[in-house]
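Take a look at the structure below.
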Amino acid sequence: MNIDLSFYSWELIRSYVLSGLVFSIQLTVIATVGGIFFGTLLALMRLSGNKWLEIPAATYVNTMRSIPLVMVILWFFLLMPAILGKPIGAELSAIITFVAFEAAFFCEIMRSGIQSIPRGQIHAGQAMGMTYSQNMRLIILPQAFRNMIPVLLTQTIILFQDTSLVYAIGAYDMLKGFEVAGKNFGRPIETYLAAAVIYFLICFSLSRLVRVLQQRVAIIR
Amino acid sequence: DTLAKIKSSSAVTMGVRESSGALSYTVGDGKFAGYHVEICQRVLGDVQKQLKLNKLDIKYQAVTSQNRLPLVANGTVDIECGSTTNNATRQKDVAFAVTTYVEEVRIAVKANSGITSLNQLAGKKVATTTGTTSVQLLRKHERAANVNFDEVFGKDHADSFLLLESGRADAFVMDGSILAGNIANAKNPADFKIVGEVIAVEPIAIMIRKDDPAFKKSVDDSIKKMMKDGTLAKLWDKWFLQPIPPKGNKVGLALSASTKDAWANPNDKPAEDYAKK
Amino acid sequence: MIEMKNVSKWYGNFQVLTDCTTDIKKGEVVVVCGPSGSGKSTLIKTINALEPFQKGEITVDGIAVHDPKTNLPKLRSRVGMVFQHFELFPHLSVTENLTLAQIKVLGRSPSDALAHGLKYLDRVGLSAQKDKFPGQLSGGQQQRVAIARALSMDPIVMLFDEPTSALDPEMVGEVLDVMVQLAHEGMTMMCVTHEMGFARKVSNRVIFMDQGKIVEDCPKDDFFNKPEERSPRAKDFLSKILAH
Amino acid sequence: MIEMKNVSKWYGNFQVLTDCTTDIKKGEVVVVCGPSGSGKSTLIKTINALEPFQKGEITVDGIAVHDPKTNLPKLRSRVGMVFQHFELFPHLSVTENLTLAQIKVLGRSPSDALAHGLKYLDRVGLSAQKDKFPGQLSGGQQQRVAIARALSMDPIVMLFDEPTSALDPEMVGEVLDVMVQLAHEGMTMMCVTHEMGFARKVSNRVIFMDQGKIVEDCPKDDFFNKPEERSPRAKDFLSKILAH
Amino acid sequence: MSWNWEVFCKSTLEEDFSPVCFGTGGEITYLDWMLSAWGWTLSVSALGLFVAMILGVLMGTLRTLPPDNLMTRALALLGTVWVELFRNIPVLVQVFLWYHVIPALFPVMKGFPSFVLVSLALGFFTSARIAEQVRAGIGSLPRGQRYAALAVGLTTTQSYRYVILPMALRIVIPPLTSESMNIIKNSSVAFAVSVAELTLFAMQAQEETSRGIEIYLGVTALYVVSALSVNRVMAFIESRTRVPGFIAAASSGGH
Ligand SMILES: Nc1ncnc2c1ncn2[C@@H]1O[C@H](COP(=O)(O)OP(=O)(O)OP(=O)(O)O)[C@@H](O)[C@H]1O
Ligand SMILES: Nc1ncnc2c1ncn2[C@@H]1O[C@H](COP(=O)(O)OP(=O)(O)OP(=O)(O)O)[C@@H](O)[C@H]1O
Ligand SMILES: [Mg+2]
Ligand SMILES: [Mg+2]
């Protein structure tokens with residue numbers, strides 16, 4: 001079988017791939033923002049020193065981290081309507097799943113970020129009379145976030161790649177767009193190749209961007 | 001119940017498939033088309049009239065073989081217009097409208113392969129799609145005829161067809177319409193043909209929630225009306241014999257005797273009853 | 001000013017501090033020395049409860065540190081502390097480092113805090129660096145900013161934990177100079193340090209620790225000039241660090 | 001033994017070394033000092049080509065370091081080096097640290113290498129620790145093992161890069177003692193250090209560096225006793241590190 | 001909701017149940033099927049991990065080579081290109097590339113079983129991530145270690161062999177643990193190309209039995225058990241290779 005790329009056109013990309021790409025990006029952005037928010041909360045719970053907060057947070061995080069994302073997606077899709085008591089679509093289900101799933105990963109990133117702040121910094125804040133929450137807010141989290149930006153962004157790139165797994169519940173993401181185009185035009189092999197190239201271009205440029213940012217925000221110690 | 005829900009929200013969610021041949025497929029851009037999709041659109045038009053709604057918002061929800069059942073059962077999808085076999089197991093969880101299409105499970109092969117029947121497939125690679133009844137069907141046939149297939153699974157029909165097209169499988173066992181649709185869409189439709197005996201006959205129907213007799217009656221009535229007044233025959237011609245979007249291919253699937261029979265005697269009998277005949 | 005009675009502390013089964021008792025009066029300068037791992041840093045951090053302890057009592061200016069009801073942030077805001085590795089906040093500029101706690105903890109207005117902070121920054125001779133970030137300063141400069149930061153909270157006592165041991169040798173002097181000046185002005189100080197020159201020059205008393213115990217606690221002159229009264233461990237230590 | 005002529009080195013646009021020229025004769029002990037960042041470590045690492053340099057020439061025992069055809073591993077095996085942070089191999093026991101290079105580089109038999117290594121381990125007074133791992137030793141002990149490791153390669157010259165500045169003050173003495181002994185035995189040595197006591201006691205010459213240049217290169221006695229002949233920068237530096 | 005765990009004892013052919021839950025006389029129950037699916041999951045992961053470890057350590061090491069000469073620079077560049085290529089394409093797409101695209105270009109590969117192709121895809125994808133971990137591990141060693149190895153006369157190769165890699169590999173055991181667990185999780189994409197592993201089983205069996213919750217719970221439990229076992233094995237390796245007196249820290253991330 002030979003490869004024939006002649007049928008690619010802007011029209012094809014626009015009508016099949018674009019809406020998928022928009023959804024992939026939407027999903028990535030929402031899951032990143034939501035994941036960082038809940039992940040930070042989970043991280044604070046895990047570091048709180050209070051058993052009642054620590055154990056549930058740790059259990060949640062470890063469970064999420066040991067199940068394949070595809071299974072989590074299927075689970076949520078199956079269970080969400082039962083939990084919420086009302087039906088939701090594949091797209092919304094995917095968004096909720098990704099936020100919940102990514103929170104576990106962002107939690108671990110934030111936790112190691114917070115732990116990477118030297119103990120001396122924590123002591124210094126306390127020694128000036130700051131309360132726990134002041135210390136967290138003003139001293140630790142700003143530094144932890146800054147140190148973690150490259151890792152957070154790298155995780156976001158992984159997340160963007162993982163959005164391709166929503167095929168399991170039939171949500172229409174970018175890969176799906178390519179697949180449908182390929183099927184309708186009888187060119188599946190070519191479209192997989194095109195999908196690989198587009199994903200690579202997006203993720204590679206993002207990872208370059210991370211590099212640049214990394215140098216910009218690095219705190220001089 | 002569904003009618004009340006549709007009435008109160010002025011909206012309904014239609015489950016559709018991305019690539020179930022001419023029965024239900026996407027034409028890109030989040031738009032869907034096909035024989036069952038159009039039937040459902042007409043049915044919902046009747047429902048709208050019945051409920052006296054001046055506006056009914058139809059939301060399309062793409063479903064897959066794996067998730068369509070739970071989606072209908074849990075209420076995500078109100079009416080599934082894809083290519084779902086009506087069988088006894090499923091009737092435990094969902095209900096079906098009267099059969100609109102009778103599917104014959106057949107074999108697609110490369111035109112030059114020389115294969116003409118199921119029994120020639122012993123020891124060969126046979127493709128089918130994960131999450132469909134054909135998987136079980138093949139398994140049962142293997143046992144009954146004491147042969148052995150080397151099964152390969154596509155994650156959806158187009159994938160399974162690709163297995164055949166790329167030579168990874170020698171045959172693709174699936175519903176005839178799906179085979180025909182995929183062949184029509186192939187780069188060289190002449191390279192493939194549908195051969196052999198009818199392995200199984202399956203009633204394909206529109207799927208709705210269980211225990212909602214009012215909604216079922218509305219749907220059934222609307223379909224029965226279309227059966228009588230010849231609308232279904234026209235739709236058959238439109239989707240299976242004439243060129244269809246997006247590429248303008250013809251599926252070329254003539255109306256089968258069993259489908260005609262189902263139109264003449266509207267029923268929602270499960271596949272098991274067909275098998276007994 | 002600071003009273004410490006039978007303070008003991010454990011990490012798990014390991015006892016870091018054993019029955020430490022001492023007293024520091026207003027205006028006194030006390031130097032703490034001893035071998036690495038002997039518990040000096042831990043001892044000094046128990047005073048403002050950065051390190052909790054399991055047994056014993058500490059009161060600072062009449063307030064009981066060991067009392068669970070004590071408002072620790074408030075107590076700590078009155079005790080200045082300078083660390084071995086400076087611990088300036090790297091994401092804040094020098095002025096922000098100086099004013100943050102004044103504003104957030106003492107509730108001073110930003111302009112008051114700034115004026116106050118700059119006064120102390122001037123005192124350590126670094127007015128010119130006020131808009132730089134810690135990473136842009138040399139070690140000696142960072143440590144002087146850290147001292148200014150502690151002073152701008154108007155502490156009643158200053159604690160130093162090896163303030164010069166992370167510095168390049170040529171910068172040790174500039175930090176010690178600031179500390180000497182502070183001592184001369186009558187600040188109550190407790191310093192963990194191995195700079196025996198500093199101890200000789202300004203301290204009133206020297207505490208020598210070994211294996212979590214306060215082994216010696218005596219006036220400076222006795223410590224340096226009456227070796228015959230010293231414990232063998234202290235003599236050995238002194239001879240080692242004074243040898244080269 | 002070591003001849004260095006107009007050595008210059010750049011990191012990108014930043015010049016770390018500028019026209020450094022000096023000569024070290026067999027049996028000489030030379031101390032290198034200067035402010036932080038002045039290029040001392042870089043200079044000493046150019047000698048065994050751990051830091052490549054872009055201009056100038058260095059010969060060690062007649063072998064041209066700058067010549068791309070020179071067998072650098074062989075040259076390095078004849079030059080002993082001791083680092084600020086010891087750099088023992090943490091996954092190898094003390095004996096394995098001592099014998100690895102003897103076996104892999106010099107091709108000695110394991111038993112020869114062991115005998116040889118233990119001889120030097122005994123000399124630095126650590127025979128008892130031979131089966132421990134570096135992480136189980138104190139800093140002073142680690143540095144002494146590192147010296148033994150270098151010596152067991154039978155080097156013709158030893159380079160030291162601030163061997164005592166990462167040590168707790170009480171451990172400085174034990175390492176310096178080993179170095180003094182080595183000097184007395186006639187080993188050719190080049191030491192970056194701020195221990196002026198050591199320089200006074202055993203060095204023949206002192207090199208003072210500033211901003212990548214060799215500013216002073218004179219006999220020890222001149223360096224310490226004739227301040228009037230010294231450059232202002234060197235005088236300032238000396239006064240700072242001798243002050244406290 | 002009511003549980004129906006009997007579904008695992010059901011025959012995959014007839015509407016009947018096996019009293020022992022395992023099939024007899026050629027008949028197969030869903031439990032039998034699930035266990036064989038587990039076997040496929042583990043096999044794909046094991047082969048993938050094998051490929052990933054070898055390539056990952058190699059490529060990660062190449063990336064840290066000092067820019068001494070043209071040769072080392074070229075090798076370092078190879079490592080960089082490798083990593084960028086294989087970590088910037090979603091694993092699912094890579095699976096399709098290996099299964100559909102590459103055999104279309106190189107017909108010899110059509111003969112490869114999909115099990116092998118998927119393992120290669122997983123292995124290459126994971127190798128890029130392991131390479132990054134190994135590079136970070138080597139980077140986290142003090143620069144002085146490399147200097148010290150060279151200073152005693154070891155060649156570059158020897159210094160990697162005897163000094164840098166032994167330490168770096170110990171340091172990266174924790175991130176390698178999570179990569180190993182990841183490969184088990186990522187193996188779930190194998191179902192997309194017809195490997196009869198756990199996720200394919202879950203989707204097909206839930207379709208046939210309509211008992212999604214029970215089937216998913218069973219499958220999820222097996223995934224968790226697999227991941228935890230890998231974790232225990234790696235912890236064992238870590239404790240066996242622990243250096244007395246040495247405390248190391250390394251970070252991790254990713255899925
Ligand atoms: N978080 C901890 N957990 C367990 N042990 C600890 C901890 N912190 C300190 N220690 C131990 O407590 C002892 C005293 O430590 P401390 O830092 O007070 O000593 P130090 O006299 O300040 O030493 P140095 O001169 O090295 O700063 C040491 O043996 C140390 O190993
Ligand atoms: N890899 C590098 N890249 C860029 N600049 C470097 C690098 N290594 C060292 N430098 C710079 O070269 C200069 C000389 O460094 P070097 O380590 O030789 O100084 P030093 O005299 O040994 O200082 P110290 O007393 O702090 O050890 C410094 O300004 C340093 O910042
Ligand atoms: Mg200390
Ligand atoms: Mg140096």
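In the structure tokens, the first chain shown is A, the next is B, and so on; residue numbers restart at 1 for each chain, and ligands run from 1 in the order shown.
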Problem set entry | Who sits within 6 Å of segment 77-87 of chain B, only C-alpha atoms, same chain under 6 positions skipped, as a ChimeraX atom specification | /B:13-17,24,36-37,71,203-204,206-208,270-271
Restricting it to C-alpha atoms, dump the selection as a short mmCIF file (atom, residue, chain, number, x, y, z; two decimals), in the first residue's frame.
```cif
data_model
loop_
_atom_site.label_atom_id
_atom_site.label_comp_id
_atom_site.auth_asym_id
_atom_site.auth_seq_id
_atom_site.Cartn_x
_atom_site.Cartn_y
_atom_site.Cartn_z
CA THR B 13 -30.57 13.89 23.13
CA MET B 14 -30.17 11.61 20.14
CA GLY B 15 -27.49 8.97 20.30
CA VAL B 16 -25.72 8.61 16.97
CA ARG B 17 -22.76 6.65 15.66
CA SER B 24 -25.74 6.45 11.17
CA HIS B 36 -31.68 5.75 11.21
CA VAL B 37 -30.74 9.33 11.93
CA LEU B 71 -25.90 5.74 28.09
CA PRO B 203 -33.25 -7.10 13.97
CA ILE B 204 -31.76 -3.63 14.24
CA ILE B 206 -33.96 2.30 17.53
CA MET B 207 -33.16 2.02 21.22
CA ILE B 208 -34.96 3.85 24.02
CA PRO B 270 -35.38 -9.86 19.81
CA ALA B 271 -32.73 -11.57 17.70
#
```
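With only C-alpha atoms and all ligand atoms as the atoms that count, the set of residues no farther than 9 Å from ligand 3 is Ser36, Gly37, Ser38, Gly39, Lys40, Ser41, Thr42, Gln84, Asp161, Glu162 and Val192 of chain C.
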Problem set entry | Surrounding residues of segment 168-180 of chain C excluding itself and chain neighbours under 2 positions, 8 Å, only C-alpha atoms, as JSON, numbers by chain | {"C": [124, 139, 140, 143, 144, 163, 164, 165, 166, 182, 183, 184, 198, 202], "D": [35, 36, 194, 237, 240, 241, 243, 244]}
Taking only C-alpha atoms into account, produce a table as CSV in which each residue of chain E with an atom at most 7 Å from an atom of chain A appears once, together with its shortest atom pair and the distance in Å to one decimal, ordered by chain and rising number.
```
residue,atom,partner,partner_atom,distance
E:Asn88,CA,A:Phe200,CA,5.0
E:Ile89,CA,A:Phe200,CA,5.2
E:Pro90,CA,A:Gln161,CA,4.7
E:Val93,CA,A:Ala196,CA,6.2
E:Phe96,CA,A:Tyr192,CA,6.8
E:Leu97,CA,A:Tyr192,CA,6.7
E:His100,CA,A:Ile189,CA,6.2
E:Val101,CA,A:Ile189,CA,5.6
E:Ala104,CA,A:Met1,CA,5.8
E:Lys185,CA,A:Pro68,CA,4.3
E:Asn186,CA,A:Pro68,CA,6.5
E:Ser188,CA,A:Pro68,CA,6.8
E:Thr220,CA,A:Ile67,CA,6.6
E:Tyr223,CA,A:Ile67,CA,6.2
E:Val224,CA,A:Ser66,CA,5.6
E:Ala227,CA,A:Ser66,CA,6.1
E:Gly253,CA,A:Ile109,CA,6.5
E:Gly254,CA,A:Gln155,CA,5.9
```
For this session: List every residue of segment 41-144 of chain A that DSSP, applied to the backbone, labels as helix (DSSP H, G or I), and write the result as a PyMOL selection string.
Result: chain A and resi 41-47+51-66+69-84+90-116+119-127+132-144
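Among C:Met209, C:Leu114, C:Leu100, C:Ile214, the residue with the shortest atom-to-atom distance to ligand 1, counting only C-alpha atoms and all ligand atoms, is C:Met209.
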Problem set entry | Spatial neighbours of Ala196 of chain E, 8 Å, only C-alpha atoms, chain gap at least 3 places, as JSON, numbers by chain | {"E": [37, 40, 191, 200, 201]}
Those residues with N, CA and C atoms, as a compact mmCIF listing (two decimals), in the first residue's frame please?
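As written to disk, part_21.txt reads:
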```
# COMPACT_ATOMS: atom_id res chain seq x y z
N ALA E 37 -6.66 -12.20 29.83
CA ALA E 37 -6.45 -10.80 29.45
C ALA E 37 -5.39 -10.17 30.33
N TRP E 40 -2.08 -11.04 29.07
CA TRP E 40 -1.66 -10.21 27.93
C TRP E 40 -1.19 -8.85 28.40
N PHE E 191 -5.42 -2.39 23.44
CA PHE E 191 -6.70 -2.94 22.98
C PHE E 191 -7.12 -2.31 21.65
N LEU E 200 -9.63 -4.35 26.65
CA LEU E 200 -10.47 -4.94 25.61
C LEU E 200 -11.48 -5.88 26.25
N PHE E 201 -11.00 -6.66 27.20
CA PHE E 201 -11.90 -7.55 27.91
C PHE E 201 -13.02 -6.75 28.57
```
Seminar exercise, completed: Atom pair atom CA of Asp222 of chain D + atom CA of Phe208 of chain D, distance 12.4 Å
For this session: Give me the residues within 9 Å of Glu165 of chain B as a PyMOL selection string, counting only C-alpha atoms and dropping any in the same chain fewer than 6 places off.
Result: chain B and resi 109-110+186+191-192
Problem set entry | Interface, chain A side, toward chain C (9 Å; only C-alpha atoms) as a list in words |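 The contacting residues on chain A are Pro118, Gly120, Gln121, Ile122, His123, Ala124, Gly125, Gln126, Ala127, Met128, Gly129, Met130, Thr131, Gln134, Leu138, Ile139, Pro142, Gln143, Arg146, Ile219, Ile220 and Arg221 of chain A.
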Problem set entry | Exercise: Ala190 of chain E partners within 10 Å, only C-alpha atoms, chain neighbours under 2 positions left out, as a list of chain:residue names | E:Trp40, E:Thr41, E:Val44, E:Ser45, E:Val91, E:Leu92, E:Val95, E:Phe96, E:Ser114, E:Phe115, E:Leu117, E:Val118, E:Ser119, E:Ala121, E:Leu122, E:Asn186, E:Ser187, E:Ser188, E:Ala192, E:Val193, E:Ser194, E:Val195, E:Ala196, E:Glu197, E:Leu198, E:Thr199, E:Leu200
Taking only residues of chain B that have an atom at most 12 Å from an atom of chain E, what is each one's shortest atom pair and its distance in Å to one decimal, using only C-alpha atoms, in chain and number order, as a Markdown table?
```
| residue | atom | partner | partner_atom | distance |
| --- | --- | --- | --- | --- |
| B:Thr64 | CA | E:Met203 | CA | 10.6 |
| B:Ser65 | CA | E:Glu207 | CA | 7.8 |
| B:Gln66 | CA | E:Met203 | CA | 5.8 |
| B:Asn67 | CA | E:Glu207 | CA | 8.1 |
| B:Arg68 | CA | E:Glu207 | CA | 9.3 |
| B:Leu69 | CA | E:Glu207 | CA | 7.9 |
| B:Pro70 | CA | E:Ser210 | CA | 8.2 |
| B:Leu71 | CA | E:Gly212 | CA | 11.7 |
| B:Ala73 | CA | E:Ser210 | CA | 10.5 |
| B:Thr84 | CA | E:Glu207 | CA | 11.6 |
| B:Thr85 | CA | E:Glu207 | CA | 11.8 |
| B:Asn87 | CA | E:Glu208 | CA | 10.8 |
| B:Ala88 | CA | E:Glu208 | CA | 11.2 |
| B:Thr89 | CA | E:Thr209 | CA | 7.5 |
| B:Arg90 | CA | E:Ser210 | CA | 7.5 |
| B:Gln91 | CA | E:Ser210 | CA | 10.5 |
| B:Lys92 | CA | E:Ser210 | CA | 8.9 |
| B:Asp93 | CA | E:Ser210 | CA | 7.8 |
| B:Val94 | CA | E:Ser210 | CA | 10.6 |
| B:Lys125 | CA | E:Pro113 | CA | 11.9 |
| B:Val126 | CA | E:Ser194 | CA | 11.6 |
| B:Ala127 | CA | E:Ser194 | CA | 9.3 |
| B:Thr128 | CA | E:Ser194 | CA | 9.7 |
| B:Thr129 | CA | E:Ser194 | CA | 9.2 |
| B:Thr130 | CA | E:Gln204 | CA | 5.8 |
| B:Gly131 | CA | E:Gln204 | CA | 4.4 |
| B:Thr132 | CA | E:Glu207 | CA | 7.2 |
| B:Thr133 | CA | E:Glu208 | CA | 7.4 |
| B:Ser134 | CA | E:Glu208 | CA | 10.5 |
| B:Val135 | CA | E:Gln204 | CA | 8.4 |
| B:Gln136 | CA | E:Leu13 | CA | 7.3 |
| B:Leu137 | CA | E:Leu13 | CA | 9.0 |
| B:Leu138 | CA | E:Leu13 | CA | 10.2 |
| B:Arg139 | CA | E:Leu13 | CA | 7.2 |
| B:Lys140 | CA | E:Leu13 | CA | 6.0 |
| B:His141 | CA | E:Leu13 | CA | 9.7 |
| B:Glu142 | CA | E:Leu13 | CA | 10.3 |
| B:Arg143 | CA | E:Leu13 | CA | 8.4 |
| B:Ala144 | CA | E:Leu13 | CA | 10.2 |
| B:Asn146 | CA | E:Gly26 | CA | 11.0 |
| B:Asp150 | CA | E:Ser194 | CA | 11.4 |
| B:Glu151 | CA | E:Ser194 | CA | 8.8 |
| B:Val152 | CA | E:Ser194 | CA | 5.6 |
| B:Phe153 | CA | E:Ser194 | CA | 4.5 |
| B:Gly154 | CA | E:Ser194 | CA | 6.0 |
| B:Lys155 | CA | E:Ala192 | CA | 5.2 |
| B:Asp156 | CA | E:Ala192 | CA | 8.8 |
| B:His157 | CA | E:Ala192 | CA | 11.8 |
| B:Asp159 | CA | E:Val193 | CA | 8.6 |
| B:Ser160 | CA | E:Ser194 | CA | 9.4 |
| B:Leu162 | CA | E:His100 | CA | 8.7 |
| B:Leu163 | CA | E:His100 | CA | 8.7 |
| B:Leu164 | CA | E:His100 | CA | 11.7 |
| B:Glu165 | CA | E:His100 | CA | 10.8 |
| B:Ser166 | CA | E:Ala104 | CA | 7.7 |
| B:Gly167 | CA | E:Lys110 | CA | 8.2 |
| B:Arg168 | CA | E:Lys110 | CA | 7.2 |
| B:Ala169 | CA | E:Lys110 | CA | 10.8 |
```
Those same residues, written as a PDB file, in the first residue's frame with C-alpha atoms?
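Result file is out-v4.pdb:
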```pdb
ATOM      1  CA  THR B  64     -19.875   3.764  20.621  1.00  0.00           C
ATOM      2  CA  SER B  65     -20.586   0.066  20.670  1.00  0.00           C
ATOM      3  CA  GLN B  66     -19.219  -0.049  24.185  1.00  0.00           C
ATOM      4  CA  ASN B  67     -21.135   2.753  25.790  1.00  0.00           C
ATOM      5  CA  ARG B  68     -24.461   3.055  23.994  1.00  0.00           C
ATOM      6  CA  LEU B  69     -26.271   0.692  26.370  1.00  0.00           C
ATOM      7  CA  PRO B  70     -25.327   2.344  29.651  1.00  0.00           C
ATOM      8  CA  LEU B  71     -25.896   5.740  28.086  1.00  0.00           C
ATOM      9  CA  ALA B  73     -30.029   3.100  30.467  1.00  0.00           C
ATOM     10  CA  THR B  84     -28.035  -1.624  17.673  1.00  0.00           C
ATOM     11  CA  THR B  85     -29.177  -5.223  17.587  1.00  0.00           C
ATOM     12  CA  ASN B  87     -31.601  -8.961  21.626  1.00  0.00           C
ATOM     13  CA  ALA B  88     -32.896 -10.538  24.799  1.00  0.00           C
ATOM     14  CA  THR B  89     -29.918  -9.621  26.974  1.00  0.00           C
ATOM     15  CA  ARG B  90     -30.257  -5.991  26.059  1.00  0.00           C
ATOM     16  CA  GLN B  91     -33.975  -6.009  26.586  1.00  0.00           C
ATOM     17  CA  LYS B  92     -33.188  -6.494  30.270  1.00  0.00           C
ATOM     18  CA  ASP B  93     -31.703  -2.990  30.351  1.00  0.00           C
ATOM     19  CA  VAL B  94     -33.368  -1.052  27.542  1.00  0.00           C
ATOM     20  CA  LYS B 125      -7.519 -14.227  10.300  1.00  0.00           C
ATOM     21  CA  VAL B 126     -11.028 -12.943  10.835  1.00  0.00           C
ATOM     22  CA  ALA B 127     -11.615  -9.342  11.838  1.00  0.00           C
ATOM     23  CA  THR B 128     -14.521  -8.072  13.837  1.00  0.00           C
ATOM     24  CA  THR B 129     -15.202  -5.125  16.103  1.00  0.00           C
ATOM     25  CA  THR B 130     -14.731  -5.017  19.863  1.00  0.00           C
ATOM     26  CA  GLY B 131     -17.970  -4.581  21.747  1.00  0.00           C
ATOM     27  CA  THR B 132     -20.347  -6.065  19.123  1.00  0.00           C
ATOM     28  CA  THR B 133     -22.420  -9.225  19.045  1.00  0.00           C
ATOM     29  CA  SER B 134     -20.393 -10.501  16.123  1.00  0.00           C
ATOM     30  CA  VAL B 135     -17.578 -11.326  18.520  1.00  0.00           C
ATOM     31  CA  GLN B 136     -19.833 -13.702  20.406  1.00  0.00           C
ATOM     32  CA  LEU B 137     -21.353 -14.947  17.180  1.00  0.00           C
ATOM     33  CA  LEU B 138     -17.988 -15.989  15.815  1.00  0.00           C
ATOM     34  CA  ARG B 139     -17.064 -17.585  19.095  1.00  0.00           C
ATOM     35  CA  LYS B 140     -20.264 -19.643  19.056  1.00  0.00           C
ATOM     36  CA  HIS B 141     -19.794 -20.637  15.451  1.00  0.00           C
ATOM     37  CA  GLU B 142     -16.278 -21.810  16.162  1.00  0.00           C
ATOM     38  CA  ARG B 143     -17.618 -24.040  18.865  1.00  0.00           C
ATOM     39  CA  ALA B 144     -20.567 -25.375  16.888  1.00  0.00           C
ATOM     40  CA  ASN B 146     -15.522 -27.058  15.574  1.00  0.00           C
ATOM     41  CA  ASP B 150      -7.690 -16.353  14.326  1.00  0.00           C
ATOM     42  CA  GLU B 151      -9.717 -13.385  15.506  1.00  0.00           C
ATOM     43  CA  VAL B 152      -8.465  -9.831  15.322  1.00  0.00           C
ATOM     44  CA  PHE B 153     -10.407  -6.964  16.808  1.00  0.00           C
ATOM     45  CA  GLY B 154     -10.766  -3.431  15.553  1.00  0.00           C
ATOM     46  CA  LYS B 155     -11.707  -0.785  18.050  1.00  0.00           C
ATOM     47  CA  ASP B 156     -14.484   0.321  15.686  1.00  0.00           C
ATOM     48  CA  HIS B 157     -15.852  -0.808  12.329  1.00  0.00           C
ATOM     49  CA  ASP B 159     -10.649   0.022  12.145  1.00  0.00           C
ATOM     50  CA  SER B 160     -11.787  -3.532  11.491  1.00  0.00           C
ATOM     51  CA  LEU B 162      -8.725  -1.265   7.796  1.00  0.00           C
ATOM     52  CA  LEU B 163      -7.475  -4.617   9.081  1.00  0.00           C
ATOM     53  CA  LEU B 164      -9.008  -6.260   6.035  1.00  0.00           C
ATOM     54  CA  GLU B 165      -7.829  -3.553   3.689  1.00  0.00           C
ATOM     55  CA  SER B 166      -4.235  -3.662   4.906  1.00  0.00           C
ATOM     56  CA  GLY B 167      -4.128  -7.454   4.704  1.00  0.00           C
ATOM     57  CA  ARG B 168      -3.964  -8.004   8.443  1.00  0.00           C
ATOM     58  CA  ALA B 169      -7.183  -9.955   8.217  1.00  0.00           C
TER      59      ALA B 169
END
```
Exercise. So which residues of segment 43-231 of chain C fall under strand (DSSP E or B) by DSSP, listed as a PyMOL selection string?
Worked result: chain C and resi 55-60+63-64+79-82+157-161+189-192+205-210+213-219
Exercise. Which residues come within 9 Å of Phe223 of chain D, counting only C-alpha atoms, excluding same-chain residues fewer than 6 positions away, as a VMD selection string?
Worked result: chain D and resid 205 to 207 216 to 217 229 to 230
